[in-house]
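Shown next: run-v3.txt, containing compact mmCIF, C-alpha atoms (C1' of nucleotides).
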```
# COMPACT_ATOMS: atom_id res chain seq x y z
CA MET A 17 -148.53 64.30 -81.00
CA ARG A 18 -150.92 63.43 -78.21
CA ILE A 19 -150.28 60.30 -76.16
CA ALA A 20 -152.30 59.07 -73.20
CA THR A 21 -152.64 56.26 -70.67
CA TRP A 22 -155.94 55.01 -69.28
CA ASN A 23 -156.90 52.10 -67.05
CA VAL A 24 -160.33 51.51 -68.60
CA ASN A 25 -161.53 48.74 -66.21
CA SER A 26 -162.80 46.53 -69.07
CA ILE A 27 -162.40 47.67 -72.68
CA THR A 28 -165.63 45.92 -73.69
CA ALA A 29 -167.62 47.77 -71.00
CA ARG A 30 -165.83 51.05 -71.82
CA ILE A 31 -165.63 50.99 -75.63
CA PRO A 32 -168.37 53.61 -76.23
CA ARG A 33 -166.54 56.05 -73.98
CA VAL A 34 -163.12 55.14 -75.41
CA LEU A 35 -164.25 55.75 -78.99
CA ALA A 36 -165.91 59.06 -78.11
CA TRP A 37 -162.91 60.14 -76.07
CA LEU A 38 -160.38 59.33 -78.81
CA GLU A 39 -162.45 61.32 -81.26
CA SER A 40 -163.04 64.34 -79.01
CA THR A 41 -159.43 64.59 -77.78
CA GLY A 42 -157.65 63.67 -81.01
CA THR A 43 -155.35 61.33 -79.12
CA ASP A 44 -152.78 59.65 -81.40
CA VAL A 45 -151.56 56.87 -79.11
CA LEU A 46 -153.48 55.40 -76.17
CA CYS A 47 -151.94 52.99 -73.67
CA VAL A 48 -154.70 50.85 -72.15
CA GLN A 49 -154.73 48.75 -68.99
CA GLU A 50 -157.23 46.27 -67.55
CA THR A 51 -158.79 45.24 -70.83
CA LYS A 52 -160.44 42.35 -68.91
CA CYS A 53 -161.07 40.40 -72.11
CA SER A 54 -159.42 37.84 -74.34
CA ALA A 55 -157.42 39.05 -77.33
CA GLU A 56 -160.27 37.81 -79.57
CA GLN A 57 -162.83 39.88 -77.67
CA PHE A 58 -160.84 43.11 -78.00
CA PRO A 59 -162.86 45.64 -80.08
CA ALA A 60 -160.20 46.10 -82.76
CA ASP A 61 -162.74 46.49 -85.57
CA GLU A 62 -164.50 49.44 -83.99
CA LEU A 63 -161.16 51.12 -83.35
CA ARG A 64 -160.02 50.44 -86.92
CA GLU A 65 -163.14 52.15 -88.26
CA LEU A 66 -162.01 55.22 -86.34
CA GLY A 67 -158.53 55.00 -87.90
CA TYR A 68 -156.64 53.24 -85.11
CA GLU A 69 -154.56 50.08 -85.11
CA SER A 70 -154.47 47.95 -81.98
CA ALA A 71 -151.91 45.65 -80.38
CA VAL A 72 -153.26 43.54 -77.54
CA HIS A 73 -151.81 41.33 -74.83
CA ALA A 74 -154.74 39.82 -72.95
CA THR A 75 -155.96 36.41 -71.84
CA GLY A 76 -159.37 36.83 -70.22
CA ARG A 77 -161.22 38.33 -67.31
CA TRP A 78 -158.22 39.69 -65.40
CA ASN A 79 -155.49 42.16 -66.32
CA GLY A 80 -154.75 42.72 -70.03
CA VAL A 81 -152.99 45.64 -71.75
CA ALA A 82 -153.14 47.19 -75.21
CA LEU A 83 -151.75 49.91 -77.44
CA ILE A 84 -154.08 51.87 -79.72
CA SER A 85 -152.36 54.04 -82.32
CA ARG A 86 -153.01 56.02 -85.46
CA LEU A 87 -149.28 56.64 -85.94
CA GLY A 88 -148.35 53.01 -86.55
CA LEU A 89 -147.44 50.07 -84.33
CA GLU A 90 -144.05 48.57 -85.10
CA ASP A 91 -141.87 46.05 -83.29
CA VAL A 92 -144.58 44.98 -80.87
CA VAL A 93 -143.37 43.09 -77.80
CA ARG A 94 -145.99 41.30 -75.70
CA GLY A 95 -145.19 40.62 -72.07
CA LEU A 96 -142.42 41.80 -69.78
CA PRO A 97 -139.07 40.28 -70.79
CA GLY A 98 -137.64 38.51 -67.76
CA GLY A 99 -140.82 39.16 -65.82
CA PRO A 100 -141.87 36.91 -62.92
CA ALA A 101 -144.83 34.54 -62.87
CA TYR A 102 -147.57 34.53 -60.26
CA GLU A 103 -148.86 31.13 -59.16
CA GLY A 104 -147.21 29.61 -62.20
CA ALA A 105 -148.82 31.96 -64.72
CA GLU A 106 -147.27 34.81 -66.66
CA GLU A 107 -149.98 37.47 -66.50
CA PRO A 108 -150.57 39.92 -69.40
CA ARG A 109 -149.37 43.17 -67.85
CA ALA A 110 -147.03 44.75 -70.40
CA ILE A 111 -146.90 45.51 -74.11
CA SER A 112 -144.54 47.77 -76.03
CA ALA A 113 -144.29 49.15 -79.54
CA THR A 114 -142.88 51.94 -81.65
CA CYS A 115 -145.50 54.51 -82.64
CA GLY A 116 -144.04 56.97 -85.09
CA PRO A 117 -141.14 58.73 -83.38
CA VAL A 118 -141.77 57.29 -79.90
CA ARG A 119 -141.19 53.93 -78.23
CA VAL A 120 -143.86 53.27 -75.59
CA TRP A 121 -144.80 50.70 -73.00
CA SER A 122 -148.29 50.17 -71.60
CA VAL A 123 -147.96 48.54 -68.17
CA TYR A 124 -150.33 47.30 -65.52
CA VAL A 125 -148.20 46.74 -62.43
CA PRO A 126 -149.49 44.04 -60.02
CA ASN A 127 -151.66 45.37 -57.20
CA GLY A 128 -149.92 43.59 -54.32
CA ARG A 129 -153.11 43.14 -52.28
CA GLU A 130 -151.54 43.12 -48.78
CA VAL A 131 -147.99 43.84 -47.67
CA ASP A 132 -147.54 40.30 -46.34
CA HIS A 133 -149.17 38.70 -49.40
CA ALA A 134 -147.29 36.74 -52.06
CA HIS A 135 -148.76 39.17 -54.60
CA TYR A 136 -146.81 42.00 -52.96
CA THR A 137 -143.52 40.12 -53.40
CA TYR A 138 -144.54 39.47 -56.99
CA LYS A 139 -145.23 43.21 -57.42
CA LEU A 140 -141.70 44.14 -56.28
CA GLN A 141 -140.18 41.45 -58.52
CA TRP A 142 -142.25 42.72 -61.43
CA LEU A 143 -141.06 46.31 -60.94
CA ALA A 144 -137.45 45.11 -60.74
CA ALA A 145 -137.89 43.23 -64.02
CA LEU A 146 -139.46 46.32 -65.60
CA LYS A 147 -136.40 48.33 -64.65
CA GLU A 148 -134.10 45.80 -66.33
CA ALA A 149 -136.26 45.57 -69.44
CA ALA A 150 -136.58 49.34 -69.86
CA ALA A 151 -132.99 50.34 -69.09
CA THR A 152 -131.61 50.27 -72.63
CA ASP A 153 -134.42 52.33 -74.18
CA ALA A 154 -134.42 54.68 -71.16
CA ALA A 155 -130.79 55.56 -71.84
CA GLY A 156 -131.32 55.86 -75.60
CA ALA A 157 -131.63 58.89 -77.88
CA ARG A 158 -135.14 58.00 -79.10
CA PRO A 159 -138.10 59.41 -77.13
CA PHE A 160 -139.22 56.61 -74.84
CA ALA A 161 -141.78 56.32 -72.07
CA VAL A 162 -143.34 53.76 -69.78
CA LEU A 163 -146.99 54.67 -69.25
CA GLY A 164 -149.61 52.91 -67.22
CA ASP A 165 -151.18 51.98 -63.93
CA PHE A 166 -148.18 51.59 -61.63
CA ASN A 167 -150.28 50.84 -58.52
CA VAL A 168 -147.84 52.94 -56.49
CA ALA A 169 -148.35 56.49 -55.23
CA PRO A 170 -144.85 58.01 -55.58
CA VAL A 171 -145.17 60.38 -52.58
CA ASP A 172 -147.60 60.92 -49.71
CA GLU A 173 -149.12 63.92 -51.50
CA ASP A 174 -150.33 61.47 -54.16
CA VAL A 175 -152.84 60.02 -51.69
CA TRP A 176 -155.87 61.94 -50.41
CA ASP A 177 -155.26 60.89 -46.80
CA PRO A 178 -151.90 59.19 -46.13
CA SER A 179 -152.93 58.33 -42.56
CA LEU A 180 -155.47 55.86 -43.94
CA PHE A 181 -152.78 54.05 -45.92
CA GLU A 182 -150.40 53.25 -43.07
CA GLY A 183 -149.33 49.65 -43.49
CA ALA A 184 -151.08 49.34 -46.85
CA THR A 185 -149.75 48.63 -50.29
CA HIS A 186 -149.20 51.44 -52.85
CA VAL A 187 -147.30 53.66 -50.38
CA THR A 188 -144.62 51.45 -48.81
CA PRO A 189 -140.93 52.45 -48.89
CA ALA A 190 -140.10 49.29 -50.86
CA GLU A 191 -142.61 50.11 -53.62
CA ARG A 192 -141.42 53.72 -53.79
CA ALA A 193 -137.79 52.53 -53.86
CA ALA A 194 -138.66 50.31 -56.83
CA LEU A 195 -140.01 53.36 -58.67
CA ALA A 196 -136.91 55.36 -57.73
CA ALA A 197 -134.72 52.58 -59.15
CA LEU A 198 -136.73 52.69 -62.36
CA ARG A 199 -136.21 56.47 -62.60
CA GLU A 200 -132.48 55.96 -62.10
CA THR A 201 -132.29 54.27 -65.50
CA GLY A 202 -132.88 57.75 -66.96
CA LEU A 203 -136.63 58.21 -66.63
CA SER A 204 -138.47 61.10 -65.02
CA ASP A 205 -142.02 61.43 -63.75
CA VAL A 206 -143.98 63.61 -66.20
CA MET A 207 -146.27 65.44 -63.76
CA PRO A 208 -149.72 66.20 -65.18
CA ARG A 209 -151.84 69.23 -64.34
CA PRO A 210 -155.00 68.62 -62.37
CA LEU A 211 -157.99 70.22 -64.07
CA LYS A 212 -159.47 70.87 -60.61
CA TYR A 213 -158.14 70.92 -57.02
CA ASP A 214 -154.44 70.94 -56.19
CA ARG A 215 -153.26 67.37 -56.88
CA PRO A 216 -153.45 65.44 -60.17
CA TYR A 217 -155.11 62.31 -58.87
CA THR A 218 -155.84 59.67 -61.49
CA PHE A 219 -157.91 57.13 -59.53
CA TRP A 220 -160.95 57.50 -57.31
CA ASP A 221 -162.67 54.46 -55.78
CA TYR A 222 -166.19 53.77 -57.02
CA ARG A 223 -167.37 53.52 -53.41
CA GLN A 224 -168.37 56.08 -50.79
CA LEU A 225 -168.56 59.09 -53.09
CA ALA A 226 -164.80 59.11 -53.45
CA PHE A 227 -164.85 61.11 -56.67
CA PRO A 228 -167.17 63.95 -55.62
CA LYS A 229 -165.20 64.18 -52.36
CA ASN A 230 -161.92 64.07 -54.31
CA ARG A 231 -160.62 61.14 -52.28
CA GLY A 232 -158.19 60.07 -54.96
CA MET A 233 -154.73 58.74 -55.65
CA ARG A 234 -152.11 59.43 -58.31
CA ILE A 235 -151.07 55.96 -59.42
CA ASP A 236 -151.27 56.23 -63.22
CA LEU A 237 -147.89 57.56 -64.27
CA VAL A 238 -145.84 58.57 -67.28
CA TYR A 239 -142.12 57.85 -66.93
CA GLY A 240 -140.24 59.34 -69.87
CA ASN A 241 -136.59 59.41 -70.81
CA GLU A 242 -134.75 62.69 -71.37
CA PRO A 243 -135.65 63.09 -75.07
CA PHE A 244 -139.30 62.34 -74.23
CA ALA A 245 -139.40 64.72 -71.25
CA ALA A 246 -137.76 67.46 -73.32
CA ALA A 247 -140.54 67.15 -75.92
CA VAL A 248 -143.41 67.46 -73.40
CA LYS A 249 -145.46 70.58 -74.05
CA ASP A 250 -148.33 69.87 -71.68
CA SER A 251 -149.80 67.10 -69.55
CA TYR A 252 -153.05 66.82 -67.64
CA VAL A 253 -155.46 64.38 -66.00
CA ASP A 254 -158.76 64.36 -67.85
CA ARG A 255 -160.96 64.13 -64.75
CA GLU A 256 -164.02 64.92 -66.86
CA GLU A 257 -163.82 61.32 -68.05
CA ARG A 258 -164.30 60.08 -64.47
CA LYS A 259 -167.74 61.68 -64.32
CA GLY A 260 -171.13 60.19 -65.00
CA LYS A 261 -172.58 56.77 -65.59
CA GLY A 262 -170.33 54.18 -67.16
CA ALA A 263 -167.01 55.74 -66.11
CA SER A 264 -163.86 53.80 -65.30
CA ASP A 265 -162.52 54.36 -61.79
CA HIS A 266 -159.35 55.77 -63.41
CA ALA A 267 -159.10 58.94 -65.51
CA PRO A 268 -156.86 59.26 -68.57
CA VAL A 269 -153.49 60.99 -68.25
CA VAL A 270 -152.76 63.00 -71.42
CA VAL A 271 -149.34 64.13 -72.66
CA ASP A 272 -148.78 66.51 -75.57
CA LEU A 273 -145.41 66.15 -77.26
CA ASP A 274 -143.60 68.34 -79.74
CA VAL A 275 -141.91 65.62 -81.79
C1' DA B 8 -174.45 68.84 -61.25
C1' DT B 9 -169.53 65.04 -59.85
C1' DG B 10 -173.69 61.35 -55.88
C1' DG B 11 -173.78 55.79 -51.27
C1' DC B 12 -169.15 50.10 -56.40
C1' DC B 13 -168.08 47.85 -60.76
C1' DT B 14 -166.85 43.91 -63.85
C1' DG B 15 -166.96 39.29 -65.76
C1' DA B 16 -167.51 34.62 -64.80
C1' DT B 17 -167.13 30.38 -61.21
C1' DC B 18 -173.45 33.69 -63.17
C1' DT B 19 -178.19 35.39 -58.00
C1' DT B 20 -172.58 35.08 -55.51
C1' DC B 21 -167.83 35.75 -55.82
C1' DA B 22 -162.88 37.34 -56.61
C1' DG B 23 -160.35 41.24 -57.45
C1' DG B 24 -159.65 45.91 -57.59
C1' DA B 25 -156.71 49.68 -54.33
```

Kindly present the structure from the file in structure tokens form.
Amino acid sequence: MRIATWNVNSITARIPRVLAWLESTGTDVLCVQETKCSAEQFPADELRELGYESAVHATGRWNGVALISRLGLEDVVRGLPGGPAYEGAEEPRAISATCGPVRVWSVYVPNGREVDHAHYTYKLQWLAALKEAAATDAAGARPFAVLGDFNVAPVDEDVWDPSLFEGATHVTPAERAALAALRETGLSDVMPRPLKYDRPYTFWDYRQLAFPKNRGMRIDLVYGNEPFAAAVKDSYVDREERKGKGASDHAPVVVDLDV
DNA sequence: ATGGCCTGATCTTCAGGA
């Protein structure tokens, strides 16, 4: 089976590309982040015509996650159990379901904004809650993975120029320690192949020709448990999808499983 | 060609992204 994660930066703006991409790649399960729409606005009908079911957790212009599957969507859980609120609101940043033989999460980890910002504290709390919520499935015998936009570059090599990120979010020891704690529940980082250059970046800013200059970051990750990792046959970043007019600023990360 | 931000709403200006 083919499973992928993609921060689409608005599903309504991106739906023509998403439909064409699902069809051309034959992806079975797609984890989506930043739907930027209400649940009612989500283009479920167009996806259904292509043979995919959708499960959505979204409230409006910010955030929003979804699962798109042609292998079924069972036991859907919307939201992060035990997750923190930000300014009194529980933001739609996590959804999980069973798709055929695999249990998956689609997550959109809070950005953090600045290291001294309340959003950064919220980000660390959110990652700690994710660890607690994922621990049981991570240690289980069923293939399980947390996929999504983690908004953390696990190591310096995951940033095009680490010197420009000194003192910034996405690279701090505390954020990386939160990822390490998540891995300690039994998850490993499924490293994708880059289709060009030496590092599998997944995000390139829209500004300042970041993509043609390959000024990117690897922040969209696949954290799989041992049965999931053992079934991985291939993984790559589809940087072709970052090209051209109407692209998201993130590229899909694709994983092929033998399950 | 891969080309100097994009998206949706608070809508002609802004927050948020990272």

**OP:** Please check which residues have atoms at most 10 Å from (-142.7, 61.5, -48.2) in the file's coordinates, counting all atoms listed in the file, and write them as a count of residues only.
**Re:** 9

Using all atoms listed in the file, find each residue of chain B with at least one atom at most 6 Å away from an atom of chain A; report its shortest atom-to-atom pair and that distance in Å (one decimal), sort the rows by chain and rising residue number, and return the result as a tab-separated table.
```
residue	atom	partner	partner_atom	distance
B:DT9	C1'	A:Pro228	CA	5.0
B:DG11	C1'	A:Gln224	CA	5.4
B:DC12	C1'	A:Tyr222	CA	4.8
```

Original post:
Which residue gives the smallest distance to Ala150 of chain A among A:Arg199, A:Arg109, A:Arg64, A:His135, with all atoms listed in the file counted?
Top reply: A:Arg199

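With distances restricted to all atoms listed in the file, A:Thr43 is the closest residue to Leu273 of chain A from A:Ser112, A:Thr43, A:Ser204, A:Ser54.
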
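The residue that comes closest to Gly202 of chain A, out of A:Ser85, A:Thr137, A:Asn241, A:Gln57 and on the basis of all atoms listed in the file, is A:Asn241.
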
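Taking atom CA of Ala196 of chain A and atom C1' of DA25 of chain B as endpoints, the distance between them is 20.9 Å.
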
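Taking atom CA of Ala113 of chain A as the reference point, atom CA of Ile84 of chain A is found at 10.2 Å.
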
**OP:** May I have the residues within 10 Å of Asp250 of chain A as a count of residues only, using only C-alpha atoms (C1' of nucleotides) and disregarding those fewer than 3 positions away in the same chain?
**Re:** 11

Can you fill out segment 209-243 of chain A with N, CA and C atoms and hand it back as a PDB file, in the frame of the given file?
```
ATOM      1  N   ARG A 209    -151.045  68.214 -65.017  1.00  0.00           N
ATOM      2  CA  ARG A 209    -151.840  69.230 -64.340  1.00  0.00           C
ATOM      3  C   ARG A 209    -153.151  68.603 -63.892  1.00  0.00           C
ATOM      4  N   PRO A 210    -153.624  68.977 -62.703  1.00  0.00           N
ATOM      5  CA  PRO A 210    -155.000  68.620 -62.370  1.00  0.00           C
ATOM      6  C   PRO A 210    -155.908  69.653 -63.042  1.00  0.00           C
ATOM      7  N   LEU A 211    -157.065  69.226 -63.494  1.00  0.00           N
ATOM      8  CA  LEU A 211    -157.990  70.220 -64.070  1.00  0.00           C
ATOM      9  C   LEU A 211    -158.835  70.867 -62.985  1.00  0.00           C
ATOM     10  N   LYS A 212    -158.748  70.310 -61.753  1.00  0.00           N
ATOM     11  CA  LYS A 212    -159.470  70.870 -60.610  1.00  0.00           C
ATOM     12  C   LYS A 212    -158.735  70.425 -59.353  1.00  0.00           C
ATOM     13  N   TYR A 213    -158.834  71.195 -58.280  1.00  0.00           N
ATOM     14  CA  TYR A 213    -158.140  70.920 -57.020  1.00  0.00           C
ATOM     15  C   TYR A 213    -156.626  71.025 -57.214  1.00  0.00           C
ATOM     16  N   ASP A 214    -155.882  70.648 -56.173  1.00  0.00           N
ATOM     17  CA  ASP A 214    -154.440  70.940 -56.190  1.00  0.00           C
ATOM     18  C   ASP A 214    -153.567  69.764 -56.586  1.00  0.00           C
ATOM     19  N   ARG A 215    -154.106  68.528 -56.545  1.00  0.00           N
ATOM     20  CA  ARG A 215    -153.260  67.370 -56.880  1.00  0.00           C
ATOM     21  C   ARG A 215    -153.845  66.621 -58.070  1.00  0.00           C
ATOM     22  N   PRO A 216    -152.966  66.146 -58.971  1.00  0.00           N
ATOM     23  CA  PRO A 216    -153.450  65.440 -60.170  1.00  0.00           C
ATOM     24  C   PRO A 216    -153.721  63.962 -59.917  1.00  0.00           C
ATOM     25  N   TYR A 217    -154.721  63.699 -59.081  1.00  0.00           N
ATOM     26  CA  TYR A 217    -155.110  62.310 -58.870  1.00  0.00           C
ATOM     27  C   TYR A 217    -155.596  61.702 -60.186  1.00  0.00           C
ATOM     28  N   THR A 218    -155.413  60.371 -60.267  1.00  0.00           N
ATOM     29  CA  THR A 218    -155.840  59.670 -61.490  1.00  0.00           C
ATOM     30  C   THR A 218    -156.838  58.561 -61.198  1.00  0.00           C
ATOM     31  N   PHE A 219    -157.008  58.215 -59.927  1.00  0.00           N
ATOM     32  CA  PHE A 219    -157.910  57.130 -59.530  1.00  0.00           C
ATOM     33  C   PHE A 219    -158.756  57.580 -58.344  1.00  0.00           C
ATOM     34  N   TRP A 220    -160.032  57.276 -58.425  1.00  0.00           N
ATOM     35  CA  TRP A 220    -160.950  57.500 -57.310  1.00  0.00           C
ATOM     36  C   TRP A 220    -161.815  56.251 -57.211  1.00  0.00           C
ATOM     37  N   ASP A 221    -161.873  55.658 -56.005  1.00  0.00           N
ATOM     38  CA  ASP A 221    -162.670  54.460 -55.780  1.00  0.00           C
ATOM     39  C   ASP A 221    -164.123  54.719 -56.193  1.00  0.00           C
ATOM     40  N   TYR A 222    -164.765  53.650 -56.688  1.00  0.00           N
ATOM     41  CA  TYR A 222    -166.190  53.770 -57.020  1.00  0.00           C
ATOM     42  C   TYR A 222    -167.044  54.003 -55.773  1.00  0.00           C
ATOM     43  N   ARG A 223    -166.547  53.533 -54.623  1.00  0.00           N
ATOM     44  CA  ARG A 223    -167.370  53.520 -53.410  1.00  0.00           C
ATOM     45  C   ARG A 223    -167.311  54.820 -52.630  1.00  0.00           C
ATOM     46  N   GLN A 224    -168.342  55.026 -51.819  1.00  0.00           N
ATOM     47  CA  GLN A 224    -168.370  56.080 -50.790  1.00  0.00           C
ATOM     48  C   GLN A 224    -168.104  57.475 -51.335  1.00  0.00           C
ATOM     49  N   LEU A 225    -168.631  57.746 -52.514  1.00  0.00           N
ATOM     50  CA  LEU A 225    -168.560  59.090 -53.090  1.00  0.00           C
ATOM     51  C   LEU A 225    -167.124  59.614 -53.189  1.00  0.00           C
ATOM     52  N   ALA A 226    -166.206  58.705 -53.438  1.00  0.00           N
ATOM     53  CA  ALA A 226    -164.800  59.110 -53.450  1.00  0.00           C
ATOM     54  C   ALA A 226    -164.524  60.199 -54.482  1.00  0.00           C
ATOM     55  N   PHE A 227    -165.149  60.103 -55.639  1.00  0.00           N
ATOM     56  CA  PHE A 227    -164.850  61.110 -56.670  1.00  0.00           C
ATOM     57  C   PHE A 227    -165.396  62.500 -56.338  1.00  0.00           C
ATOM     58  N   PRO A 228    -166.678  62.617 -55.980  1.00  0.00           N
ATOM     59  CA  PRO A 228    -167.170  63.950 -55.620  1.00  0.00           C
ATOM     60  C   PRO A 228    -166.447  64.552 -54.411  1.00  0.00           C
ATOM     61  N   LYS A 229    -165.947  63.678 -53.525  1.00  0.00           N
ATOM     62  CA  LYS A 229    -165.200  64.180 -52.360  1.00  0.00           C
ATOM     63  C   LYS A 229    -163.709  64.340 -52.652  1.00  0.00           C
ATOM     64  N   ASN A 230    -163.322  64.012 -53.866  1.00  0.00           N
ATOM     65  CA  ASN A 230    -161.920  64.070 -54.310  1.00  0.00           C
ATOM     66  C   ASN A 230    -160.994  63.235 -53.431  1.00  0.00           C
ATOM     67  N   ARG A 231    -161.462  62.084 -53.009  1.00  0.00           N
ATOM     68  CA  ARG A 231    -160.620  61.140 -52.280  1.00  0.00           C
ATOM     69  C   ARG A 231    -159.936  60.244 -53.300  1.00  0.00           C
ATOM     70  N   GLY A 232    -158.845  60.756 -53.840  1.00  0.00           N
ATOM     71  CA  GLY A 232    -158.190  60.070 -54.960  1.00  0.00           C
ATOM     72  C   GLY A 232    -156.754  59.701 -54.684  1.00  0.00           C
ATOM     73  N   MET A 233    -156.145  59.109 -55.697  1.00  0.00           N
ATOM     74  CA  MET A 233    -154.730  58.740 -55.650  1.00  0.00           C
ATOM     75  C   MET A 233    -154.122  59.006 -57.014  1.00  0.00           C
ATOM     76  N   ARG A 234    -152.833  59.340 -57.040  1.00  0.00           N
ATOM     77  CA  ARG A 234    -152.110  59.430 -58.310  1.00  0.00           C
ATOM     78  C   ARG A 234    -151.269  58.177 -58.458  1.00  0.00           C
ATOM     79  N   ILE A 235    -151.763  57.231 -59.225  1.00  0.00           N
ATOM     80  CA  ILE A 235    -151.070  55.960 -59.420  1.00  0.00           C
ATOM     81  C   ILE A 235    -150.865  55.628 -60.893  1.00  0.00           C
ATOM     82  N   ASP A 236    -151.489  56.392 -61.779  1.00  0.00           N
ATOM     83  CA  ASP A 236    -151.270  56.230 -63.220  1.00  0.00           C
ATOM     84  C   ASP A 236    -150.213  57.243 -63.627  1.00  0.00           C
ATOM     85  N   LEU A 237    -149.085  56.728 -64.114  1.00  0.00           N
ATOM     86  CA  LEU A 237    -147.890  57.560 -64.270  1.00  0.00           C
ATOM     87  C   LEU A 237    -147.338  57.487 -65.687  1.00  0.00           C
ATOM     88  N   VAL A 238    -146.581  58.529 -66.020  1.00  0.00           N
ATOM     89  CA  VAL A 238    -145.840  58.570 -67.280  1.00  0.00           C
ATOM     90  C   VAL A 238    -144.374  58.785 -66.930  1.00  0.00           C
ATOM     91  N   TYR A 239    -143.553  57.778 -67.195  1.00  0.00           N
ATOM     92  CA  TYR A 239    -142.120  57.850 -66.930  1.00  0.00           C
ATOM     93  C   TYR A 239    -141.404  57.936 -68.284  1.00  0.00           C
ATOM     94  N   GLY A 240    -140.877  59.117 -68.585  1.00  0.00           N
ATOM     95  CA  GLY A 240    -140.240  59.340 -69.870  1.00  0.00           C
ATOM     96  C   GLY A 240    -138.739  59.551 -69.767  1.00  0.00           C
ATOM     97  N   ASN A 241    -138.027  59.151 -70.813  1.00  0.00           N
ATOM     98  CA  ASN A 241    -136.590  59.410 -70.810  1.00  0.00           C
ATOM     99  C   ASN A 241    -136.332  60.887 -71.151  1.00  0.00           C
ATOM    100  N   GLU A 242    -135.069  61.261 -71.206  1.00  0.00           N
ATOM    101  CA  GLU A 242    -134.750  62.690 -71.370  1.00  0.00           C
ATOM    102  C   GLU A 242    -135.271  63.246 -72.692  1.00  0.00           C
ATOM    103  N   PRO A 243    -135.083  62.560 -73.826  1.00  0.00           N
ATOM    104  CA  PRO A 243    -135.650  63.090 -75.070  1.00  0.00           C
ATOM    105  C   PRO A 243    -137.178  63.201 -75.037  1.00  0.00           C
TER     106      PRO A 243
END
```
